[in-house]
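Coordinates as given in coords38.pdb (PDB, C-alpha atoms and all ligand atoms):
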```
ATOM      1  CA  MET O   1      74.600  13.081  51.945
ATOM      2  CA  THR O   2      72.584  10.507  53.876
ATOM      3  CA  ARG O   3      72.975   7.017  52.492
ATOM      4  CA  LYS O   4      69.875   4.853  52.269
ATOM      5  CA  THR O   5      70.394   1.295  53.486
ATOM      6  CA  ILE O   6      70.074  -0.982  50.490
ATOM      7  CA  THR O   7      69.174  -4.612  51.089
ATOM      8  CA  PRO O   8      71.252  -6.986  48.941
ATOM      9  CA  THR O   9      69.117  -9.118  46.611
ATOM     10  CA  GLY O  10      71.772 -11.819  46.196
ATOM     11  CA  ARG O  11      71.456 -11.406  42.414
ATOM     12  CA  GLU O  12      74.743 -11.003  40.576
ATOM     13  CA  ARG O  13      75.193  -8.597  37.677
ATOM     14  CA  THR O  14      78.064  -8.649  35.293
ATOM     15  CA  PHE O  15      79.473  -6.517  32.504
ATOM     16  CA  GLY O  16      81.352  -7.099  29.280
ATOM     17  CA  LEU O  17      84.920  -8.382  29.129
ATOM     18  CA  ASP O  18      85.638  -5.406  26.861
ATOM     19  CA  GLU O  19      84.095  -2.892  29.273
ATOM     20  CA  ILE O  20      85.868  -0.881  31.972
ATOM     21  CA  ILE O  21      84.113   0.709  34.922
ATOM     22  CA  VAL O  22      85.826   4.031  35.643
ATOM     23  CA  SER O  23      85.435   6.510  38.449
ATOM     24  CA  LYS O  24      87.477   9.404  39.769
ATOM     25  CA  THR O  25      87.320  10.947  43.217
ATOM     26  CA  ASP O  26      88.676  13.929  45.104
ATOM     27  CA  PRO O  27      91.244  13.233  47.896
ATOM     28  CA  LYS O  28      88.421  12.385  50.318
ATOM     29  CA  GLY O  29      86.815   9.751  48.074
ATOM     30  CA  ILE O  30      83.964  11.926  46.811
ATOM     31  CA  ILE O  31      83.047  10.887  43.270
ATOM     32  CA  THR O  32      83.915  13.509  40.648
ATOM     33  CA  TYR O  33      83.579  11.358  37.523
ATOM     34  CA  ALA O  34      81.656   8.191  36.618
ATOM     35  CA  ASN O  35      81.768   6.707  33.122
ATOM     36  CA  HIS O  36      78.772   5.341  31.275
ATOM     37  CA  THR O  37      79.581   1.723  32.204
ATOM     38  CA  PHE O  38      79.745   2.585  35.914
ATOM     39  CA  LEU O  39      76.342   4.280  35.761
ATOM     40  CA  LYS O  40      74.841   1.447  33.703
ATOM     41  CA  VAL O  41      76.079  -1.371  35.962
ATOM     42  CA  SER O  42      75.448   0.365  39.308
ATOM     43  CA  GLY O  43      72.030   1.670  38.302
ATOM     44  CA  TYR O  44      72.659   5.241  39.467
ATOM     45  CA  SER O  45      72.218   8.389  37.378
ATOM     46  CA  GLU O  46      75.159  10.725  36.907
ATOM     47  CA  GLU O  47      73.328  13.244  39.087
ATOM     48  CA  GLU O  48      73.097  10.746  41.971
ATOM     49  CA  MET O  49      76.691   9.588  41.571
ATOM     50  CA  LEU O  50      78.593  12.867  41.266
ATOM     51  CA  GLY O  51      79.271  14.369  44.685
ATOM     52  CA  ALA O  52      78.457  11.115  46.498
ATOM     53  CA  PRO O  53      81.048   9.378  48.708
ATOM     54  CA  HIS O  54      82.437   6.254  47.032
ATOM     55  CA  ASN O  55      80.922   4.078  49.736
ATOM     56  CA  ILE O  56      77.573   4.671  47.981
ATOM     57  CA  ILE O  57      78.257   1.299  46.308
ATOM     58  CA  ARG O  58      79.739  -0.428  49.370
ATOM     59  CA  HIS O  59      78.541  -3.996  49.779
ATOM     60  CA  PRO O  60      78.034  -5.211  53.382
ATOM     61  CA  ASP O  61      79.994  -8.426  52.628
ATOM     62  CA  MET O  62      83.204  -6.443  51.983
ATOM     63  CA  PRO O  63      85.648  -6.631  54.912
ATOM     64  CA  ARG O  64      86.563  -3.222  56.290
ATOM     65  CA  CYS O  65      90.258  -4.205  56.379
ATOM     66  CA  VAL O  66      90.412  -4.381  52.563
ATOM     67  CA  PHE O  67      89.327  -0.743  52.286
ATOM     68  CA  HIS O  68      91.768   0.187  55.039
ATOM     69  CA  LEU O  69      94.561  -1.412  53.006
ATOM     70  CA  LEU O  70      93.286   0.344  49.876
ATOM     71  CA  TRP O  71      93.272   3.793  51.500
ATOM     72  CA  ASN O  72      96.640   3.271  53.244
ATOM     73  CA  THR O  73      98.175   2.284  49.910
ATOM     74  CA  ILE O  74      96.746   5.019  47.687
ATOM     75  CA  SER O  75      97.082   7.836  50.222
ATOM     76  CA  SER O  76     100.784   7.013  50.521
ATOM     77  CA  GLY O  77     101.110   7.509  46.751
ATOM     78  CA  HIS O  78     100.982   3.900  45.547
ATOM     79  CA  GLU O  79      98.624   1.935  43.332
ATOM     80  CA  ILE O  80      96.635  -1.120  44.371
ATOM     81  CA  PHE O  81      94.788  -3.933  42.626
ATOM     82  CA  ALA O  82      91.885  -5.293  44.644
ATOM     83  CA  TYR O  83      88.896  -7.574  44.280
ATOM     84  CA  VAL O  84      85.748  -5.781  45.343
ATOM     85  CA  VAL O  85      82.085  -6.724  45.373
ATOM     86  CA  ASN O  86      79.857  -3.700  44.885
ATOM     87  CA  LEU O  87      76.200  -3.033  45.523
ATOM     88  CA  CYS O  88      73.901  -1.692  42.789
ATOM     89  CA  LYS O  89      71.151   0.790  43.537
ATOM     90  CA  ASN O  90      68.556  -2.003  43.507
ATOM     91  CA  GLY O  91      70.599  -4.316  45.775
ATOM     92  CA  ASP O  92      72.102  -6.541  43.062
ATOM     93  CA  HIS O  93      75.873  -6.976  43.229
ATOM     94  CA  TYR O  94      78.825  -7.175  40.837
ATOM     95  CA  TRP O  95      82.423  -8.248  41.326
ATOM     96  CA  VAL O  96      85.335  -6.244  39.938
ATOM     97  CA  LEU O  97      89.103  -6.369  39.855
ATOM     98  CA  ALA O  98      89.892  -2.733  40.596
ATOM     99  CA  HIS O  99      93.087  -0.837  39.846
ATOM    100  CA  VAL O 100      93.122   2.278  42.033
ATOM    101  CA  THR O 101      95.766   4.971  41.574
ATOM    102  CA  PRO O 102      96.496   8.398  43.016
ATOM    103  CA  THR O 103      96.542  11.445  40.731
ATOM    104  CA  PHE O 104      99.312  13.967  41.426
ATOM    105  CA  ASN O 105      99.683  17.659  40.608
ATOM    106  CA  LEU O 106     102.959  19.191  39.429
ATOM    107  CA  LYS O 107     104.094  19.608  43.048
ATOM    108  CA  GLY O 108     103.681  15.874  43.603
ATOM    109  CA  GLU O 109     100.658  16.321  45.839
ATOM    110  CA  ILE O 110      97.718  13.928  45.635
ATOM    111  CA  VAL O 111      94.764  15.754  44.104
ATOM    112  CA  GLY O 112      92.448  12.779  43.700
ATOM    113  CA  TYR O 113      92.159   9.101  42.858
ATOM    114  CA  HIS O 114      91.217   7.067  39.815
ATOM    115  CA  SER O 115      89.808   3.557  39.609
ATOM    116  CA  SER O 116      89.474   1.294  36.545
ATOM    117  CA  ARG O 117      87.679  -1.997  37.008
ATOM    118  CA  ARG O 118      87.426  -5.081  34.860
ATOM    119  CA  VAL O 119      85.418  -8.267  35.139
ATOM    120  CA  PRO O 120      87.425 -10.705  37.269
ATOM    121  CA  ASP O 121      87.902 -14.394  36.492
ATOM    122  CA  LYS O 122      85.265 -16.688  38.034
ATOM    123  CA  GLU O 123      87.987 -18.820  39.652
ATOM    124  CA  ALA O 124      89.487 -15.730  41.289
ATOM    125  CA  ILE O 125      86.156 -14.891  42.869
ATOM    126  CA  GLU O 126      85.766 -18.473  44.072
ATOM    127  CA  THR O 127      89.115 -18.074  45.869
ATOM    128  CA  ILE O 128      88.352 -14.610  47.236
ATOM    129  CA  VAL O 129      84.816 -15.198  48.561
ATOM    130  CA  PRO O 130      85.787 -17.546  51.440
ATOM    131  CA  ILE O 131      88.773 -15.369  52.377
ATOM    132  CA  TYR O 132      86.642 -12.214  52.546
ATOM    133  CA  ALA O 133      83.963 -14.156  54.465
ATOM    134  CA  GLN O 134      86.610 -15.205  57.016
ATOM    135  CA  LEU O 135      87.854 -11.614  57.373
ATOM    136  CA  LYS O 136      84.307 -10.250  57.677
ATOM    137  CA  ASN O 137      83.494 -12.865  60.297
ATOM    138  CA  ILE O 138      86.526 -11.802  62.353
ATOM    139  CA  GLU O 139      85.459  -8.163  62.053
ATOM    140  CA  ASP O 140      81.864  -8.913  63.050
ATOM    141  CA  SER O 141      82.866 -11.056  66.046
ATOM    142  CA  ALA O 142      85.057  -8.389  67.669
ATOM    143  CA  SER O 143      83.898  -6.157  70.494
ATOM    144  CA  ASP O 144      84.284  -3.004  68.391
ATOM    145  CA  TRP O 145      84.930  -2.166  64.721
ATOM    146  CA  ARG O 146      88.527  -1.018  65.186
ATOM    147  CA  THR O 147      89.605  -4.145  67.055
ATOM    148  CA  GLY O 148      87.797  -6.259  64.473
ATOM    149  CA  MET O 149      89.508  -4.503  61.578
ATOM    150  CA  GLU O 150      92.939  -4.863  63.203
ATOM    151  CA  GLU O 151      92.373  -8.573  63.864
ATOM    152  CA  ALA O 152      91.162  -9.120  60.280
ATOM    153  CA  GLU O 153      94.170  -7.169  58.978
ATOM    154  CA  HIS O 154      96.437  -9.388  61.023
ATOM    155  CA  THR O 155      94.798 -12.511  59.548
ATOM    156  CA  LEU O 156      95.094 -11.119  56.012
ATOM    157  CA  GLY O 157      98.760 -10.302  56.705
ATOM    158  CA  ASN O 158      99.365 -13.881  57.870
ATOM    159  CA  LEU O 159      97.605 -15.357  54.824
ATOM    160  CA  LEU O 160      99.758 -13.229  52.532
ATOM    161  CA  ALA O 161     102.947 -13.978  54.503
ATOM    162  CA  ASP O 162     102.210 -17.703  54.186
ATOM    163  CA  SER O 163     101.866 -17.329  50.431
ATOM    164  CA  GLY O 164     104.960 -15.075  50.254
ATOM    165  CA  MET O 165     103.011 -12.414  48.344
ATOM    166  CA  THR O 166     101.860  -8.838  48.747
ATOM    167  CA  TYR O 167      98.129  -8.205  48.294
ATOM    168  CA  ASP O 168      98.838  -6.966  44.738
ATOM    169  CA  GLN O 169     100.843 -10.061  43.850
ATOM    170  CA  PHE O 170      98.116 -12.209  45.372
ATOM    171  CA  ALA O 171      95.449 -10.400  43.301
ATOM    172  CA  PHE O 172      97.511 -10.958  40.153
ATOM    173  CA  SER O 173      98.206 -14.580  40.987
ATOM    174  CA  LEU O 174      94.462 -15.175  40.608
ATOM    175  CA  VAL O 175      94.324 -13.679  37.121
ATOM    176  CA  LYS O 176      94.160 -16.434  34.534
ATOM    177  CA  CYS O 177      96.934 -16.090  31.971
ATOM    178  CA  VAL O 178      95.669 -17.431  28.653
TER
HETATM  179  C1  LIG W 201      89.119   5.907  43.488
HETATM  180  C2  LIG W 201      88.382   5.118  44.539
HETATM  181  C3  LIG W 201      87.582   4.056  44.151
HETATM  182  C4  LIG W 201      86.876   3.313  45.101
HETATM  183  N1  LIG W 201      86.088   2.292  44.659
HETATM  184  C5  LIG W 201      85.296   1.647  45.550
HETATM  185  C6  LIG W 201      84.390   0.653  45.106
HETATM  186  O1  LIG W 201      84.320   0.291  43.925
HETATM  187  N2  LIG W 201      83.593   0.066  46.049
HETATM  188  C7  LIG W 201      83.640   0.413  47.370
HETATM  189  O2  LIG W 201      82.868  -0.138  48.163
HETATM  190  N3  LIG W 201      84.530   1.332  47.812
HETATM  191  C8  LIG W 201      85.350   1.941  46.937
HETATM  192  N4  LIG W 201      86.235   2.886  47.392
HETATM  193  C9  LIG W 201      86.441   3.016  48.855
HETATM  194  C10 LIG W 201      85.415   3.905  49.526
HETATM  195  O3  LIG W 201      85.916   5.220  49.533
HETATM  196  C11 LIG W 201      85.194   3.452  51.000
HETATM  197  O4  LIG W 201      86.416   3.471  51.704
HETATM  198  C12 LIG W 201      84.586   2.042  51.120
HETATM  199  O5  LIG W 201      83.411   1.929  50.360
HETATM  200  C13 LIG W 201      84.292   1.680  52.573
HETATM  201  O6  LIG W 201      83.306   2.509  53.064
HETATM  202  P1  LIG W 201      83.120   2.765  54.625
HETATM  203  O7  LIG W 201      84.365   3.462  55.078
HETATM  204  O8  LIG W 201      81.897   3.590  54.747
HETATM  205  O9  LIG W 201      82.996   1.426  55.261
HETATM  206  C14 LIG W 201      86.976   3.631  46.482
HETATM  207  C15 LIG W 201      87.788   4.702  46.868
HETATM  208  C16 LIG W 201      88.501   5.424  45.917
HETATM  209  C17 LIG W 201      89.381   6.562  46.354
END
```
Could you spell out this file's structure in structure tokens?
Amino acid sequence: MTRKTITPTGRERTFGLDEIIVSKTDPKGIITYANHTFLKVSGYSEEEMLGAPHNIIRHPDMPRCVFHLLWNTISSGHEIFAYVVNLCKNGDHYWVLAHVTPTFNLKGEIVGYHSSRRVPDKEAIETIVPIYAQLKNIEDSASDWRTGMEEAEHTLGNLLADSGMTYDQFAFSLVKCV
């Protein structure tokens, strides 16, 4: 499937605190299920969404290294919590705190992935935006995408090491406990 380049509008969309955006994919990240909330917020029809690669909603501000970490984690059988900004069909964007997990068959093989996303706290996004901007800047300044991603990954690793947390712990540390 050829992906049309969507120009971000800079307009933010949000969804209800009681809503969950759900999608499922095959092992390659091709969307096999999208719930009503996902379709409503992203602006795509079920027909457009099913069979599309999950990067259909990729926002250009997202650092590549975050998706690299996501795929490394889930393809090795673990779960991950991650802050992600996504692009709607019309170029608007929405932030989520995503919980992505592998789905196993009875033999313990990964047969797909599942993601549930909630509205993140405003303060968490205020913390994440400059960090992602720094990582993206490192990626964009490198001579090629792989070097850029590795350098950004290194920076993210250092930031986490300084805070003494894994990415998951860091993501949770930003969740307001009421
Ligand atoms: C279950 C699952 C959920 C995903 N959710 C998102 C998402 O919400 N937004 C996104 O940009 N990528 C998501 N991805 C990652 C995409 O597959 C892809 O790696 C990412 O958009 C980067 O695209 P690129 O490799 O073309 O740069 C998800 C992957 C899986 C397996």
Suppose you want the space between CA of Lys89 in chain O and CA of Val129 in chain O; what is it in Å? 21.6 Å
Can you spell out as number ranges by chain the set of residues that the PyMOL selection byres (((chain O and resi 42-48) around 12) and not hetatm) selects in the structure I just provided? O: 1-3, 12-15, 21-23, 30-41, 49-54, 56-59, 85-96
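Counting from CA of Thr7 in chain O, the distance to CA of Asn137 in chain O is 18.9 Å.
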I'd like to know which of O:His154, O:Lys4, O:His99, O:Arg146 is closest to Pro120 in chain O, using all atoms listed in the file.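 Looking only at the distances to Pro120 in chain O, the closest residue turns out to be O:His99.
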On this file, the PyMOL selection byres (((chain O and resi 166-169) around 10) and not hetatm) gives some set of residues; write that set as a list of chain:residue names.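 With the PyMOL selection byres (((chain O and resi 166-169) around 10) and not hetatm) on this model, the match is O:Val66, O:Leu69, O:Leu70, O:Glu79, O:Ile80, O:Phe81, O:Ala82, O:Tyr83, O:His99, O:Leu156, O:Gly157, O:Leu159, O:Leu160, O:Ala161, O:Ser163, O:Gly164, O:Met165, O:Phe170, O:Ala171, O:Phe172, O:Ser173, O:Leu174.
Across the structure, CA of Phe67 in chain O and atom C11 of ligand LIG 201 (chain W) are spaced 6.0 Å apart.
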Here is a test: counting only C-alpha atoms and all ligand atoms, which residue of O:Ala142, O:Val119, O:Leu135, O:Val84 is nearest to ligand LIG 201 (chain W)?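 Looking only at the distances to ligand LIG 201 (chain W), the closest residue turns out to be O:Val84.
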I'd like the neighbourhood of Arg118 in chain O as a compact mmCIF listing (two decimals) with C-alpha atoms, in the coordinates of the input, where a residue qualifies if any of its atoms comes within 8 Å (using all atoms listed in the file), though same-chain residues fewer than 6 positions away should be ignored.
```txt
# COMPACT_ATOMS: atom_id res chain seq x y z
CA LEU O 17 84.92 -8.38 29.13
CA GLU O 19 84.10 -2.89 29.27
CA ILE O 20 85.87 -0.88 31.97
CA ILE O 21 84.11 0.71 34.92
CA VAL O 96 85.34 -6.24 39.94
CA LEU O 97 89.10 -6.37 39.85
CA ALA O 98 89.89 -2.73 40.60
```
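Distances to ligand LIG 201 (chain W) were evaluated for O:Val100, O:Met149, O:Ile110, O:Cys65 using only C-alpha atoms and all ligand atoms, and the minimum falls at O:Val100.
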Please return the centre and edge lengths, in Å to one decimal, of a box with edges along x, y and z that contains all listed atoms of ligand LIG 201 (chain W), widened by 5 Å on every side, as JSON.
```
{"center_x": 85.6, "center_y": 3.2, "center_z": 49.4, "size_x": 17.5, "size_y": 16.7, "size_z": 21.8}
```
